[in-house]
Amino acid sequence: MTAILDQLRTAPRSVLGKLPGVPGDDDETRRPLPVSGMLAAAATLGVGLAALTTLTLVGWIAAPRGTLGAGLPGVFRTAAQLWLVAHHAGFAIPGGRVGLLPLGLTILPAVLLYRAGRWMARDADLRLRLPARLPKNSPKEQAGARRRAQLVLVVQAGVSLAAPYALLAGLIALAASNEITQPYIGEALLSHFVLAFLAGSLATARMIGPWRVMLRLLPERVRALTVGTAVATAVLLVAGLALVLVAVVLNFGQVKELSSVLSPGFVGGVLLLLLQVLYLLNAVIWASSYIAGPGFAIGADTLVAPTGVQLGTVPSLPLLGALPESGPVPAWMMAVIALPFAAGAVAGVMVARISPSPSYEAAPLWGFLSGVVTGLVAGVLAALSGGPIGGGRLATVGPSPWEVALSVALEVGVAAGISAGVTNLLLLNKRARTPLDKAAAPVRKAGAAIAKAASKVGLAESDPRPLPGHWMDATEADTQEIPVIRDDWQDEHASAEAETLAQARPRPPEPAARPPRKDIVDESDDRGGHVIYLDPYAWDRD
């Protein structure tokens with residue numbers, strides 16, 4: 001995809017560069033940001049639709065006649081509908097709507113949009129606008145102005161990619177409509193805009209600095225809450241994935257029986273396996289809701305929770321064969337409710353370590369706030385993972401968003417508040433820092449292992465190509481070059497701390513002045529006429 005975008009970037013300029021009077025330097029003539037965003041959005045839609053059309057064509061050949069529409073037009077319409085499904089845009093069908101969509105399919109447009117955002121950031125004319133003079137011109141104010149200008153630049157890049165992407169998605173939604181399925185235009189526009197904005201903003205921020213220092217664009221408190229929320233959410237999702245894998249292993253016989261009943265054949269079996277992999281992320285979020293306590297439903301008047309299981313007839317998807325049988329749940333399964341408290345404890349430690357509070361009362365409040373934000377994130381994930389499948393009994397499938405949000409906010413928030421308070425107390429007490437550092441050593445090792453694994457798959461590798469000139473040269477009088485965050489970059493808190501330590505540190509005594517040398521004579525000084533210097537070579541200057 002990047003090669004296609006590079007061809008779009010260089011081809012018109014290579015042609016124009018041959019015309020007289022038209023400059024051909026690619027680094028000096030850059031496109032406006034909206035133009036680059038439009039090209040990136042169009043290329044992303046083209047590549048994504050081509051991939052889904054190929055997959056749909058294989059399914060059309062293997063499926064019974066008429067399943068995916070009549071002829072190639074039906075194949076293209078189905079591929080367009082799959083592209084809308086990948087962005088979590090629902091459909092209206094006779095008697096209800098379809099909202100239970102696979103979240104795993106969202107990875108395809110997310111990756112394409114991220115790559116397109118990287119190309120857009122290199123191709124567009126991006127310059128960081130800073131005022132020529134600041135009122136106080138202090139290091140703290142300069143760092144704050146630089147951070148605000150960087151965030152504005154990131155937001156502009158995200159909107160430049162998301163706006164044309166959403167407009168093109170509206171056209172695809174109109175083309176994908178037929179007499180059976182009608183996509184919701186509003187959902188299509190909103191989902192495409194949000195996904196493209198997030199991917200474009202993240203790609204632009206990645207161009208400013210490496211992954212490990214991108215969060216320094218945020219203020220210290222916001223950075224602490226972001227990291228704490230991410231850690232707690234990651235712990236819940238990892239626990240949910242482990243629960244799903246254990247359930248599949250324990251009930252593998254039922255999963256295999258459902259697969260044999262469907263008898264999809266070889267090609268159909270591959271497509272069925274791919275469908276279950278795409279729904280795996282939905283199952284992980286449902287398992288996280290189970291761990292949090294509220295559980296989830298597979299139809300009206302059903303519940304799968306640690307307090308009990310009540311099921312009816314479930315859809316014939318082999319992955320659903322891992323569900324437990326109806327009836328009471330063993331008492332030891334209630335132990336899974338302790339996992340959200342463990343996630344909150346880890347999140348509280350991260351919040352306190354990133355942003356310690358000088359007062360003992362403030363740290364627990366910030367920890368509890370990170371739990372509340374984690375609850376909001378869990379509620380959004382629960383809403384995205386569930387949805388109706390037509391009307392009637394299957395109109396309610398998945399976890400309840402508000403129940404999950406409330407449970408996670410209380411469980412994670414209480415544990416995070418306690419751990420943040422204790423950690424902050426230990427940080428303020430210098431003698432107690434050693435046990436805390438030893439306890440945080442496994443977390444640091446795990447983070448280093450994740451970063452190393454991400455670099456191997458290309459998520460954290462640096463682009464070998466040098467940054468273009470527009471990231472460094474800004475010739476306007478009211479601009480400065482865009483700052484590239486280095487490993488030794490410090491925000492205003494670190495710079496203020498260094499300045500305070502420098503002032504408190506005793507200064508070394510200045511060295512004594514060396515006496516003047518007597519063997520050097522200054523011939524321009526006649527000491528008031530008392531010293532006369534003779535020039536032995538004056539007779540030979542005529």
# chains A, B, ... in the order shown; residues from 1 in each chain; ligands from 1
>>> residues_around(residues="Ala50 of chain A", least_positions_apart="4", cutoff="10 Å", atoms="only C-alpha atoms", output="PDB file with N, CA and C atoms, in the first residue's frame")
ATOM      1  N   THR A  44      -6.619   3.967   0.636  1.00  0.00           N
ATOM      2  CA  THR A  44      -7.008   3.006   1.672  1.00  0.00           C
ATOM      3  C   THR A  44      -8.286   2.274   1.285  1.00  0.00           C
ATOM      4  N   LEU A  45      -9.286   3.022   0.801  1.00  0.00           N
ATOM      5  CA  LEU A  45     -10.530   2.380   0.380  1.00  0.00           C
ATOM      6  C   LEU A  45     -10.302   1.436  -0.793  1.00  0.00           C
ATOM      7  N   GLY A  46      -9.459   1.819  -1.737  1.00  0.00           N
ATOM      8  CA  GLY A  46      -9.209   0.961  -2.880  1.00  0.00           C
ATOM      9  C   GLY A  46      -8.537  -0.344  -2.511  1.00  0.00           C
ATOM     10  N   THR A  54     -11.611  -9.984  -3.186  1.00  0.00           N
ATOM     11  CA  THR A  54     -10.949 -11.270  -3.442  1.00  0.00           C
ATOM     12  C   THR A  54     -11.463 -12.348  -2.498  1.00  0.00           C
ATOM     13  N   LEU A  55     -11.575 -12.010  -1.211  1.00  0.00           N
ATOM     14  CA  LEU A  55     -12.078 -12.976  -0.242  1.00  0.00           C
ATOM     15  C   LEU A  55     -13.530 -13.350  -0.537  1.00  0.00           C
ATOM     16  N   THR A  56     -14.335 -12.375  -0.905  1.00  0.00           N
ATOM     17  CA  THR A  56     -15.741 -12.649  -1.216  1.00  0.00           C
ATOM     18  C   THR A  56     -15.873 -13.499  -2.474  1.00  0.00           C
ATOM     19  N   PHE A  76     -19.490  -7.827  -5.632  1.00  0.00           N
ATOM     20  CA  PHE A  76     -18.979  -6.492  -5.294  1.00  0.00           C
ATOM     21  C   PHE A  76     -19.826  -5.835  -4.215  1.00  0.00           C
ATOM     22  N   ALA A  79     -18.882  -7.404  -0.934  1.00  0.00           N
ATOM     23  CA  ALA A  79     -17.587  -6.894  -0.466  1.00  0.00           C
ATOM     24  C   ALA A  79     -17.741  -5.503   0.128  1.00  0.00           C
ATOM     25  N   ALA A  80     -18.578  -4.662  -0.489  1.00  0.00           N
ATOM     26  CA  ALA A  80     -18.817  -3.328   0.070  1.00  0.00           C
ATOM     27  C   ALA A  80     -19.503  -3.426   1.425  1.00  0.00           C
TER      28      ALA A  80
END
>>> residues_around(residues="His88 of chain A", least_positions_apart="6", cutoff="12 Å", atoms="only C-alpha atoms", output="PDB file with N, CA and C atoms, in the first residue's frame")
ATOM      1  N   GLN A  81     -20.440  -4.364   1.576  1.00  0.00           N
ATOM      2  CA  GLN A  81     -21.089  -4.553   2.875  1.00  0.00           C
ATOM      3  C   GLN A  81     -20.096  -5.050   3.925  1.00  0.00           C
ATOM      4  N   LEU A  82     -19.187  -5.937   3.528  1.00  0.00           N
ATOM      5  CA  LEU A  82     -18.149  -6.386   4.465  1.00  0.00           C
ATOM      6  C   LEU A  82     -17.237  -5.230   4.884  1.00  0.00           C
ATOM      7  N   VAL A  98     -29.079  -5.831  12.198  1.00  0.00           N
ATOM      8  CA  VAL A  98     -27.887  -6.626  12.493  1.00  0.00           C
ATOM      9  C   VAL A  98     -26.848  -5.687  13.085  1.00  0.00           C
ATOM     10  N   GLY A  99     -26.496  -5.915  14.351  1.00  0.00           N
ATOM     11  CA  GLY A  99     -25.510  -5.092  15.036  1.00  0.00           C
ATOM     12  C   GLY A  99     -24.383  -5.872  15.674  1.00  0.00           C
ATOM     13  N   LEU A 100     -24.497  -7.214  15.707  1.00  0.00           N
ATOM     14  CA  LEU A 100     -23.433  -8.051  16.267  1.00  0.00           C
ATOM     15  C   LEU A 100     -22.401  -8.292  15.169  1.00  0.00           C
ATOM     16  N   LEU A 101     -21.388  -7.440  15.118  1.00  0.00           N
ATOM     17  CA  LEU A 101     -20.412  -7.453  14.036  1.00  0.00           C
ATOM     18  C   LEU A 101     -19.046  -7.857  14.570  1.00  0.00           C
ATOM     19  N   PRO A 102     -18.226  -8.559  13.773  1.00  0.00           N
ATOM     20  CA  PRO A 102     -16.914  -9.025  14.260  1.00  0.00           C
ATOM     21  C   PRO A 102     -15.929  -7.866  14.402  1.00  0.00           C
ATOM     22  N   LEU A 103     -15.390  -7.715  15.592  1.00  0.00           N
ATOM     23  CA  LEU A 103     -14.408  -6.659  15.832  1.00  0.00           C
ATOM     24  C   LEU A 103     -13.041  -6.992  15.245  1.00  0.00           C
ATOM     25  N   GLY A 104     -12.779  -8.271  15.025  1.00  0.00           N
ATOM     26  CA  GLY A 104     -11.491  -8.636  14.443  1.00  0.00           C
ATOM     27  C   GLY A 104     -11.309  -8.119  13.034  1.00  0.00           C
ATOM     28  N   LEU A 105     -12.413  -7.930  12.306  1.00  0.00           N
ATOM     29  CA  LEU A 105     -12.312  -7.419  10.945  1.00  0.00           C
ATOM     30  C   LEU A 105     -11.887  -5.957  10.923  1.00  0.00           C
ATOM     31  N   THR A 106     -12.032  -5.258  12.044  1.00  0.00           N
ATOM     32  CA  THR A 106     -11.631  -3.850  12.110  1.00  0.00           C
ATOM     33  C   THR A 106     -10.118  -3.691  11.995  1.00  0.00           C
ATOM     34  N   ILE A 107      -9.371  -4.752  12.241  1.00  0.00           N
ATOM     35  CA  ILE A 107      -7.914  -4.659  12.157  1.00  0.00           C
ATOM     36  C   ILE A 107      -7.469  -4.315  10.748  1.00  0.00           C
ATOM     37  N   PRO A 109      -8.944  -2.361   8.151  1.00  0.00           N
ATOM     38  CA  PRO A 109      -8.903  -0.928   7.846  1.00  0.00           C
ATOM     39  C   PRO A 109      -8.043  -0.130   8.810  1.00  0.00           C
ATOM     40  N   PRO A 183     -27.737  -0.397   4.736  1.00  0.00           N
ATOM     41  CA  PRO A 183     -26.804   0.103   5.760  1.00  0.00           C
ATOM     42  C   PRO A 183     -27.298   1.420   6.354  1.00  0.00           C
ATOM     43  N   TYR A 184     -26.954   1.630   7.615  1.00  0.00           N
ATOM     44  CA  TYR A 184     -27.261   2.890   8.277  1.00  0.00           C
ATOM     45  C   TYR A 184     -26.204   3.913   7.872  1.00  0.00           C
ATOM     46  N   ILE A 185     -26.633   4.929   7.138  1.00  0.00           N
ATOM     47  CA  ILE A 185     -25.685   5.917   6.614  1.00  0.00           C
ATOM     48  C   ILE A 185     -25.006   6.665   7.758  1.00  0.00           C
ATOM     49  N   GLY A 186     -25.776   7.026   8.779  1.00  0.00           N
ATOM     50  CA  GLY A 186     -25.198   7.755   9.903  1.00  0.00           C
ATOM     51  C   GLY A 186     -24.126   6.965  10.624  1.00  0.00           C
ATOM     52  N   GLU A 187     -24.393   5.684  10.884  1.00  0.00           N
ATOM     53  CA  GLU A 187     -23.376   4.848  11.531  1.00  0.00           C
ATOM     54  C   GLU A 187     -22.138   4.687  10.655  1.00  0.00           C
ATOM     55  N   ALA A 188     -22.341   4.572   9.354  1.00  0.00           N
ATOM     56  CA  ALA A 188     -21.192   4.417   8.457  1.00  0.00           C
ATOM     57  C   ALA A 188     -20.319   5.670   8.469  1.00  0.00           C
ATOM     58  N   LEU A 189     -20.942   6.846   8.399  1.00  0.00           N
ATOM     59  CA  LEU A 189     -20.166   8.082   8.415  1.00  0.00           C
ATOM     60  C   LEU A 189     -19.413   8.251   9.733  1.00  0.00           C
ATOM     61  N   LEU A 190     -20.100   8.002  10.852  1.00  0.00           N
ATOM     62  CA  LEU A 190     -19.469   8.194  12.157  1.00  0.00           C
ATOM     63  C   LEU A 190     -18.348   7.192  12.397  1.00  0.00           C
ATOM     64  N   SER A 191     -18.590   5.915  12.104  1.00  0.00           N
ATOM     65  CA  SER A 191     -17.569   4.893  12.377  1.00  0.00           C
ATOM     66  C   SER A 191     -16.336   5.101  11.504  1.00  0.00           C
ATOM     67  N   HIS A 192     -16.528   5.448  10.245  1.00  0.00           N
ATOM     68  CA  HIS A 192     -15.373   5.691   9.373  1.00  0.00           C
ATOM     69  C   HIS A 192     -14.598   6.920   9.832  1.00  0.00           C
ATOM     70  N   PHE A 193     -15.295   7.959  10.225  1.00  0.00           N
ATOM     71  CA  PHE A 193     -14.598   9.170  10.662  1.00  0.00           C
ATOM     72  C   PHE A 193     -13.794   8.909  11.935  1.00  0.00           C
ATOM     73  N   VAL A 194     -14.377   8.218  12.907  1.00  0.00           N
ATOM     74  CA  VAL A 194     -13.686   7.981  14.179  1.00  0.00           C
ATOM     75  C   VAL A 194     -12.459   7.106  13.968  1.00  0.00           C
ATOM     76  N   LEU A 195     -12.604   6.021  13.219  1.00  0.00           N
ATOM     77  CA  LEU A 195     -11.469   5.114  13.018  1.00  0.00           C
ATOM     78  C   LEU A 195     -10.351   5.803  12.240  1.00  0.00           C
ATOM     79  N   ALA A 383     -20.305  -2.296  24.500  1.00  0.00           N
ATOM     80  CA  ALA A 383     -21.309  -1.877  23.517  1.00  0.00           C
ATOM     81  C   ALA A 383     -20.907  -2.268  22.101  1.00  0.00           C
ATOM     82  N   LEU A 384     -19.607  -2.180  21.783  1.00  0.00           N
ATOM     83  CA  LEU A 384     -19.146  -2.536  20.441  1.00  0.00           C
ATOM     84  C   LEU A 384     -19.155  -4.043  20.211  1.00  0.00           C
ATOM     85  N   SER A 385     -18.962  -4.831  21.256  1.00  0.00           N
ATOM     86  CA  SER A 385     -18.859  -6.285  21.085  1.00  0.00           C
ATOM     87  C   SER A 385     -20.206  -6.968  20.948  1.00  0.00           C
ATOM     88  N   GLY A 386     -21.288  -6.335  21.379  1.00  0.00           N
ATOM     89  CA  GLY A 386     -22.614  -6.941  21.316  1.00  0.00           C
ATOM     90  C   GLY A 386     -23.500  -6.263  20.295  1.00  0.00           C
ATOM     91  N   GLY A 387     -24.735  -6.711  20.241  1.00  0.00           N
ATOM     92  CA  GLY A 387     -25.700  -6.137  19.310  1.00  0.00           C
ATOM     93  C   GLY A 387     -26.736  -7.169  18.910  1.00  0.00           C
TER      94      GLY A 387
END
>>> closest_residue(among="A:Met120, A:Val235, A:Leu273, A:Leu218", to="Ala143 of chain A", atoms="only C-alpha atoms")
A:Leu218
>>> closest_residue(among="A:Ala322, A:Ala362, A:Leu369, A:Met38", to="Val249 of chain A", atoms="only C-alpha atoms")
A:Ala322
>>> closest_residue(among="A:Val231, A:Leu168, A:Ala176, A:Val304", to="Val75 of chain A", atoms="only C-alpha atoms")
A:Ala176
>>> closest_atom_pairs(of="segment 226-324 of chain A", to="segment 403-420 of chain A", cutoff="12 Å", atoms="only C-alpha atoms", output="CSV")
residue,atom,partner,partner_atom,distance
A:Gly228,CA,A:Ala416,CA,8.8
A:Thr229,CA,A:Val412,CA,9.6
A:Val231,CA,A:Val412,CA,11.1
A:Ala232,CA,A:Val412,CA,7.6
A:Thr233,CA,A:Val412,CA,9.7
A:Val235,CA,A:Val412,CA,10.9
A:Leu236,CA,A:Val408,CA,9.6
A:Ile285,CA,A:Val404,CA,10.4
A:Trp286,CA,A:Val404,CA,10.0
A:Ala287,CA,A:Val404,CA,11.4
A:Ser288,CA,A:Val404,CA,9.1
A:Ser289,CA,A:Val404,CA,6.1
A:Tyr290,CA,A:Val404,CA,9.0
A:Ile291,CA,A:Val408,CA,9.6
A:Ala292,CA,A:Val408,CA,6.1
A:Gly293,CA,A:Ser407,CA,7.0
A:Pro294,CA,A:Val404,CA,6.1
A:Gly295,CA,A:Val404,CA,8.1
A:Phe296,CA,A:Val404,CA,9.4
A:Ala305,CA,A:Val404,CA,11.8
>>> write_last_selection(atoms="N, CA and C atoms", output="compact mmCIF listing (two decimals), in the first residue's frame")
# COMPACT_ATOMS: atom_id res chain seq x y z
N GLY A 228 -2.45 4.35 33.25
CA GLY A 228 -3.18 3.53 34.20
C GLY A 228 -4.39 2.87 33.58
N THR A 229 -5.14 3.61 32.78
CA THR A 229 -6.31 3.04 32.10
C THR A 229 -5.90 1.96 31.11
N VAL A 231 -3.21 0.07 31.17
CA VAL A 231 -2.72 -1.12 31.88
C VAL A 231 -3.88 -1.92 32.44
N ALA A 232 -4.85 -1.26 33.08
CA ALA A 232 -5.99 -1.98 33.65
C ALA A 232 -6.82 -2.65 32.56
N THR A 233 -7.05 -1.95 31.45
CA THR A 233 -7.81 -2.55 30.35
C THR A 233 -7.07 -3.73 29.75
N VAL A 235 -4.95 -5.74 31.27
CA VAL A 235 -5.03 -6.87 32.20
C VAL A 235 -6.38 -7.57 32.09
N LEU A 236 -7.46 -6.80 32.00
CA LEU A 236 -8.79 -7.40 31.87
C LEU A 236 -8.92 -8.18 30.56
N ILE A 285 -13.97 -9.86 24.97
CA ILE A 285 -14.65 -8.79 25.71
C ILE A 285 -15.81 -9.35 26.52
N TRP A 286 -16.52 -10.34 25.99
CA TRP A 286 -17.59 -10.98 26.77
C TRP A 286 -17.01 -11.68 27.99
N ALA A 287 -15.87 -12.35 27.82
CA ALA A 287 -15.24 -13.00 28.96
C ALA A 287 -14.78 -11.98 29.99
N SER A 288 -14.30 -10.82 29.55
CA SER A 288 -13.93 -9.76 30.49
C SER A 288 -15.16 -9.26 31.25
N SER A 289 -16.29 -9.17 30.58
CA SER A 289 -17.53 -8.80 31.27
C SER A 289 -17.94 -9.88 32.27
N TYR A 290 -17.69 -11.13 31.93
CA TYR A 290 -17.95 -12.22 32.87
C TYR A 290 -17.07 -12.09 34.10
N ILE A 291 -15.80 -11.75 33.89
CA ILE A 291 -14.88 -11.58 35.02
C ILE A 291 -15.30 -10.40 35.89
N ALA A 292 -15.79 -9.34 35.26
CA ALA A 292 -16.21 -8.16 36.02
C ALA A 292 -17.46 -8.41 36.86
N GLY A 293 -18.27 -9.42 36.50
CA GLY A 293 -19.44 -9.74 37.30
C GLY A 293 -20.75 -9.72 36.55
N PRO A 294 -21.06 -8.70 35.71
CA PRO A 294 -22.37 -8.67 35.05
C PRO A 294 -22.60 -9.79 34.07
N GLY A 295 -21.54 -10.30 33.41
CA GLY A 295 -21.71 -11.36 32.44
C GLY A 295 -22.27 -10.84 31.13
N PHE A 296 -22.87 -11.76 30.35
CA PHE A 296 -23.41 -11.40 29.04
C PHE A 296 -24.59 -12.30 28.74
N ALA A 305 -22.97 -15.66 33.75
CA ALA A 305 -22.29 -14.85 34.76
C ALA A 305 -21.71 -15.76 35.83
>>> closest_residue(among="A:Leu272, A:Leu317, A:Ala247, A:Ala331", to="Val284 of chain A", atoms="only C-alpha atoms")
A:Ala247
>>> atom_distance(atom1="atom CA of Ser260 of chain A", atom2="atom CA of Leu281 of chain A")
23.8 Å
>>> residues_around(residues="Lys256 of chain A", least_positions_apart="5", cutoff="10 Å", atoms="only C-alpha atoms", output="VMD selection string")
chain A and resid 251 261 318 to 319 321
